[in-house]
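Working notes, beginning with the structure itself.
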Amino acid sequence: MTIGTAAGPTAPGPVHPAGAAGSFGPVAAVALPPRAERAEQAQEAADRLRTAAVDAVAVTWVDNAGITRVKAVPLGGLSHAAQWGIGAAPCFDVFLADDTVTTSPVIGGPTGDLRLYPDLERAVPLAAQPGWAWAPADRYTQSGAPHPGCQRLFARRAEAAAAARGLGLKAGIEVEWVVALAGSPQEEPRYPTHGPAYGMHRLTDLSDYLRDVLRALAEQGLDVLQIHPEYSPGQFEVSVAPEGPVGAADTSVLVRHTVRAVSARHGLRVSFAPVVEAGAVGNGGHLHLSLWRDGRNLGHGGSGPHGLTAEAEGFLAGVLDALPELLVLGCSSPAGYLRLVPSNWAGAYQCWGLENREAALRLVTGSTGERAAAANAEVKCFDASANPYLAVGAVIAAGLAGLDQRRALPPEFTGDPAAAEPGTVPRLPDGPAGALAAYERSAVLREALGEPLYQAVLAVRRAEAEQYASVTPEELAAATRWRY
């Protein structure tokens with residue numbers, strides 16, 4: 001194939017061994033199971049999928065630009081894929097969203113190979129793509145060591161690091177998208193409905209389409225909490241039940257695939273990009289999470305603000321403090337900063353508040369009587385250009401650092417921070433440069449990600465920031481609109 005290139009900082013060296021992934025999270029948590037165990041699991045999965053008339057399995061991973069990449073195998077090849085993996089080049093870790101390629105000091109160039117191992121516990125027939133199933137992949141070296149640049153393994157290590165402290169997490173990622181009539185990538189979007197924001201008009205216009213989205217998600221075993229029109233033209237949102245952090249990231253990938261497939265069957269196309277039109281309210285990828293110990297929600301029943309326990313407060317304080325650098329992982333595309341503007345419920349200010357939709361960290365207690373189960377926090381400054389595995393893993397790393405340091409939240413802010421006296425509430429970075437500077441200062445993220453993954457992310461963000469440095473907002477929106 002012919003690959004475009006983007007300038008990189010240095011020539012890459014060899015991919016580091018598994019130990020280079022950093023000390024964050026137990027290494028045993030991401031060890032590849034024995035081959036005989038994988039073969040048995042593959043046989044069980046193949047039998048199950050065969051009864052659903054599956055012919056092939058799409059095995060996906062998400063790159064550092066937030067693009068879902070795929071290799072597919074026929075069902076008859078699933079056992080071999082589970083035992084020996086599927087070949088994939090490590091240079092995908094330095095792909096940009098437009099498929100040009102940069103490099104990093106550790107990963108890059110045409111040399112080397114990895115193996116994708118499908119997580120067959122998540123393998124599911126795709127309701128809107130008859131004959132197909134889907135499974136997320138973990139990436140390992142040819143010798144079976146964890147690939148230090150694997151984003152999903154990073155999220156698994158983060159979840160294991162919390163578990164090593166006796167903590168569990170529940171998470172969910174809201175999925176927002178804009179649906180448009182089919183057309184070429186160069187065309188401006190044409191919307192199939194012009195109903196008001198959050199309006200029944202919009203739901204009525206597309207009721208068959210939304211019903212099919214719900215049916216497909218249900219057939220795939222996903223528990224949908226709600227689906228509704230959003231603010232911008234053609235925009236909708238779906239929320240699913242919370243689960244473990246890695247599971248939530250998997251589910252967000254599956255939900256997007258499903259929405260895209262249902263849309264195609266209705267002659268529509270979708271965009272999960274941070275903004276579809278410059279100046280309009282964009283697509284968020286808000287991350288909800290709650291911290292648990294011994295079956296108790298630590299966001300309820302404590303002596304801290306609004307019932308937070310000391311552990312939950314420390315965790316959230318760590319997340320809040322790290323939000324500038326977390327934008328590198330949760331607001332990945334330069335286009336994300338067109339969405340991250342004040343007074344748009346995007347979370348543009350580094351503050352927290354109870355049910356404050358303008359705060360980057362919104363505390364949600366739930367209704368009286370359900371708070372022990374429902375209390376959670378929402379990171380609002382993230383969007384759908386993020387790799388969800390990087391987003392959840394990095395938030396856990398920042399939260400655990402805050403918990404270990406026994407940090408406290410600053411005073412709560414109520415109302416719109418944009419209306420406050422200038423300098424009262426810190427604004428999050430309004431472009432990639434500020435977020436990258438914070439990322440490069442963050443010892444917590446560097447240690448958690450490990451040098452290979454840290455450097456690959458940095459290379460991709462720098463290359464995309466340079467790529468779009470001189471374009472107008474309209475050109476940036478158009479360039480990224482159909483990439484996500």
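Within each chain, counting starts at residue 1; across the structure tokens, chains are named A, B, ... in the order shown, with ligands numbered 1 upward in that order.
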Q: Name all residues at most 9 Å from range 465-477 of chain A (count only C-alpha atoms; drop same-chain ones fewer than 2 positions away) and give them as a ChimeraX atom specification.
A: /A:6,273-279,333-335,338,431-433,460-463,479-481
Selection export as a PDB file, in the first residue's frame, atoms kept: N, CA, C and O atoms:
```pdb
ATOM      1  N   ALA A   6       3.814  12.070   7.718  1.00  0.00           N
ATOM      2  CA  ALA A   6       3.889  13.369   8.383  1.00  0.00           C
ATOM      3  C   ALA A   6       5.207  13.435   9.112  1.00  0.00           C
ATOM      4  O   ALA A   6       5.752  12.413   9.527  1.00  0.00           O
ATOM      5  N   ALA A 273     -17.617  12.916  14.958  1.00  0.00           N
ATOM      6  CA  ALA A 273     -16.552  13.902  15.093  1.00  0.00           C
ATOM      7  C   ALA A 273     -16.899  14.941  16.158  1.00  0.00           C
ATOM      8  O   ALA A 273     -18.083  15.200  16.424  1.00  0.00           O
ATOM      9  N   PRO A 274     -15.885  15.558  16.770  1.00  0.00           N
ATOM     10  CA  PRO A 274     -16.170  16.560  17.808  1.00  0.00           C
ATOM     11  C   PRO A 274     -17.079  17.682  17.336  1.00  0.00           C
ATOM     12  O   PRO A 274     -17.933  18.150  18.088  1.00  0.00           O
ATOM     13  N   VAL A 275     -16.897  18.138  16.089  1.00  0.00           N
ATOM     14  CA  VAL A 275     -17.824  19.094  15.503  1.00  0.00           C
ATOM     15  C   VAL A 275     -18.102  18.672  14.069  1.00  0.00           C
ATOM     16  O   VAL A 275     -17.210  18.200  13.366  1.00  0.00           O
ATOM     17  N   VAL A 276     -19.333  18.818  13.660  1.00  0.00           N
ATOM     18  CA  VAL A 276     -19.711  18.549  12.281  1.00  0.00           C
ATOM     19  C   VAL A 276     -19.726  19.845  11.485  1.00  0.00           C
ATOM     20  O   VAL A 276     -19.346  19.877  10.309  1.00  0.00           O
ATOM     21  N   GLU A 277     -20.155  20.922  12.107  1.00  0.00           N
ATOM     22  CA  GLU A 277     -20.112  22.247  11.500  1.00  0.00           C
ATOM     23  C   GLU A 277     -19.497  23.216  12.498  1.00  0.00           C
ATOM     24  O   GLU A 277     -19.879  23.239  13.673  1.00  0.00           O
ATOM     25  N   ALA A 278     -18.533  23.988  12.047  1.00  0.00           N
ATOM     26  CA  ALA A 278     -17.885  24.963  12.924  1.00  0.00           C
ATOM     27  C   ALA A 278     -18.915  25.938  13.485  1.00  0.00           C
ATOM     28  O   ALA A 278     -19.801  26.407  12.775  1.00  0.00           O
ATOM     29  N   GLY A 279     -18.821  26.189  14.776  1.00  0.00           N
ATOM     30  CA  GLY A 279     -19.754  27.099  15.430  1.00  0.00           C
ATOM     31  C   GLY A 279     -20.967  26.432  16.022  1.00  0.00           C
ATOM     32  O   GLY A 279     -21.708  27.056  16.785  1.00  0.00           O
ATOM     33  N   SER A 333      -8.547  15.067  18.877  1.00  0.00           N
ATOM     34  CA  SER A 333      -8.411  15.791  17.623  1.00  0.00           C
ATOM     35  C   SER A 333      -8.306  17.297  17.866  1.00  0.00           C
ATOM     36  O   SER A 333      -8.960  17.833  18.771  1.00  0.00           O
ATOM     37  N   PRO A 334      -7.526  18.006  17.052  1.00  0.00           N
ATOM     38  CA  PRO A 334      -7.563  19.468  17.141  1.00  0.00           C
ATOM     39  C   PRO A 334      -8.975  20.026  16.984  1.00  0.00           C
ATOM     40  O   PRO A 334      -9.294  21.090  17.530  1.00  0.00           O
ATOM     41  N   ALA A 335      -9.828  19.290  16.270  1.00  0.00           N
ATOM     42  CA  ALA A 335     -11.215  19.731  16.113  1.00  0.00           C
ATOM     43  C   ALA A 335     -11.971  19.721  17.432  1.00  0.00           C
ATOM     44  O   ALA A 335     -12.995  20.396  17.565  1.00  0.00           O
ATOM     45  N   LEU A 338     -12.779  23.045  18.932  1.00  0.00           N
ATOM     46  CA  LEU A 338     -13.914  23.796  18.382  1.00  0.00           C
ATOM     47  C   LEU A 338     -15.187  23.477  19.165  1.00  0.00           C
ATOM     48  O   LEU A 338     -16.125  24.279  19.184  1.00  0.00           O
ATOM     49  N   GLY A 431      -6.628  24.929  22.961  1.00  0.00           N
ATOM     50  CA  GLY A 431      -6.016  24.392  21.758  1.00  0.00           C
ATOM     51  C   GLY A 431      -5.023  23.314  22.121  1.00  0.00           C
ATOM     52  O   GLY A 431      -4.676  23.116  23.304  1.00  0.00           O
ATOM     53  N   PRO A 432      -4.529  22.576  21.134  1.00  0.00           N
ATOM     54  CA  PRO A 432      -3.617  21.459  21.416  1.00  0.00           C
ATOM     55  C   PRO A 432      -2.340  21.871  22.138  1.00  0.00           C
ATOM     56  O   PRO A 432      -1.814  21.096  22.937  1.00  0.00           O
ATOM     57  N   ALA A 433      -1.815  23.070  21.881  1.00  0.00           N
ATOM     58  CA  ALA A 433      -0.530  23.463  22.459  1.00  0.00           C
ATOM     59  C   ALA A 433      -0.561  23.440  23.987  1.00  0.00           C
ATOM     60  O   ALA A 433       0.356  22.908  24.633  1.00  0.00           O
ATOM     61  N   VAL A 460       1.694  11.633  17.690  1.00  0.00           N
ATOM     62  CA  VAL A 460       0.470  11.794  16.907  1.00  0.00           C
ATOM     63  C   VAL A 460      -0.169  13.155  17.184  1.00  0.00           C
ATOM     64  O   VAL A 460      -0.588  13.865  16.260  1.00  0.00           O
ATOM     65  N   ARG A 461      -0.226  13.557  18.461  1.00  0.00           N
ATOM     66  CA  ARG A 461      -0.857  14.844  18.784  1.00  0.00           C
ATOM     67  C   ARG A 461      -0.053  16.012  18.200  1.00  0.00           C
ATOM     68  O   ARG A 461      -0.629  16.964  17.679  1.00  0.00           O
ATOM     69  N   ARG A 462       1.272  15.936  18.293  1.00  0.00           N
ATOM     70  CA  ARG A 462       2.088  16.999  17.720  1.00  0.00           C
ATOM     71  C   ARG A 462       1.893  17.082  16.203  1.00  0.00           C
ATOM     72  O   ARG A 462       1.776  18.184  15.640  1.00  0.00           O
ATOM     73  N   ALA A 463       1.876  15.926  15.550  1.00  0.00           N
ATOM     74  CA  ALA A 463       1.749  15.920  14.091  1.00  0.00           C
ATOM     75  C   ALA A 463       0.405  16.474  13.657  1.00  0.00           C
ATOM     76  O   ALA A 463       0.317  17.247  12.688  1.00  0.00           O
ATOM     77  N   ALA A 479     -12.410  18.788   7.402  1.00  0.00           N
ATOM     78  CA  ALA A 479     -11.358  17.781   7.259  1.00  0.00           C
ATOM     79  C   ALA A 479     -11.565  16.589   8.180  1.00  0.00           C
ATOM     80  O   ALA A 479     -11.133  15.473   7.860  1.00  0.00           O
ATOM     81  N   THR A 480     -12.204  16.794   9.314  1.00  0.00           N
ATOM     82  CA  THR A 480     -12.363  15.721  10.302  1.00  0.00           C
ATOM     83  C   THR A 480     -13.786  15.171  10.381  1.00  0.00           C
ATOM     84  O   THR A 480     -14.019  14.172  11.060  1.00  0.00           O
ATOM     85  N   ARG A 481     -14.705  15.801   9.679  1.00  0.00           N
ATOM     86  CA  ARG A 481     -16.144  15.500   9.826  1.00  0.00           C
ATOM     87  C   ARG A 481     -16.471  14.036   9.637  1.00  0.00           C
ATOM     88  O   ARG A 481     -17.215  13.427  10.405  1.00  0.00           O
TER      89      ARG A 481
END
```
Using only C-alpha atoms, which residues sit within 9 Å of Ala401 in chain A once same-chain residues fewer than 6 positions away are excluded, as a CSV table (one decimal) with all heavy atoms, in the first residue's frame?
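Saved the output as selection.csv:
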```csv
chain,number,residue,atom,x,y,z
A,314,GLY,N,-10.7,12.2,47.0
A,314,GLY,CA,-9.3,12.2,46.6
A,314,GLY,C,-9.2,11.8,45.1
A,314,GLY,O,-8.4,12.3,44.4
A,315,PHE,N,-9.9,10.7,44.7
A,315,PHE,CA,-9.9,10.3,43.3
A,315,PHE,C,-10.3,11.4,42.4
A,315,PHE,O,-9.7,11.7,41.4
A,315,PHE,CB,-10.8,9.1,43.2
A,315,PHE,CG,-10.7,8.4,41.9
A,315,PHE,CD1,-9.9,7.3,41.7
A,315,PHE,CD2,-11.5,8.8,40.8
A,315,PHE,CE1,-9.9,6.7,40.4
A,315,PHE,CE2,-11.5,8.2,39.6
A,315,PHE,CZ,-10.6,7.1,39.4
A,318,GLY,N,-7.9,14.2,42.1
A,318,GLY,CA,-6.8,13.9,41.1
A,318,GLY,C,-7.2,14.0,39.7
A,318,GLY,O,-6.4,14.5,38.9
A,319,VAL,N,-8.4,13.6,39.4
A,319,VAL,CA,-8.9,13.8,38.0
A,319,VAL,C,-9.0,15.3,37.6
A,319,VAL,O,-8.6,15.7,36.6
A,319,VAL,CB,-10.3,13.1,37.8
A,319,VAL,CG1,-10.8,13.3,36.4
A,319,VAL,CG2,-10.1,11.6,38.0
A,407,ARG,N,-5.8,13.9,48.3
A,407,ARG,CA,-6.2,15.2,47.9
A,407,ARG,C,-7.6,15.6,48.2
A,407,ARG,O,-8.5,14.7,48.4
A,407,ARG,CB,-5.9,15.4,46.4
A,407,ARG,CG,-4.5,15.1,46.0
A,407,ARG,CD,-4.2,15.5,44.6
A,407,ARG,NE,-4.2,17.0,44.6
A,407,ARG,CZ,-3.6,17.7,43.6
A,407,ARG,NH1,-3.0,17.1,42.7
A,407,ARG,NH2,-3.7,19.0,43.7
A,444,VAL,N,2.7,11.6,36.2
A,444,VAL,CA,1.7,10.5,36.5
A,444,VAL,C,1.3,9.8,35.2
A,444,VAL,O,1.3,8.6,35.1
A,444,VAL,CB,0.4,11.1,37.1
A,444,VAL,CG1,-0.7,10.1,37.1
A,444,VAL,CG2,0.8,11.5,38.6
```
Q: Could you give me, as a ChimeraX atom specification, the residues within 9 Å of Ser442 in chain A, counting only C-alpha atoms and dropping anything in the same chain fewer than 5 positions from it?
A: /A:322,325,437,447
**Q.** Which of range 228-426 of chain A DSSP labels strand (DSSP E or B), written as number ranges by chain
**A.** A: 228-229, 235-240, 243, 268-271, 284, 287-293, 296-297, 349-354, 359-364, 376-379, 383
Q. Which is closest to Val179 in chain A among A:Ala81, A:Cys351, A:Cys91, A:Val262, if we use only C-alpha atoms?
A.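 Nearest to Val179 in chain A: A:Val262.
Once Arg38 in chain A and its same-chain neighbours fewer than 4 positions away are set aside, Leu32, Pro33, Pro34, Ala42, Gln43, Glu44, Ser79, His80, Ala81, Ala82, Gln83, Trp84, Tyr117, Pro118, Asp119 and Leu120 of chain A remain within 10 Å of it when counting only C-alpha atoms.
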Q) CA of Leu289 in chain A and CA of Gln405 in chain A are how many Å apart? A)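 It comes out at 19.9 Å.
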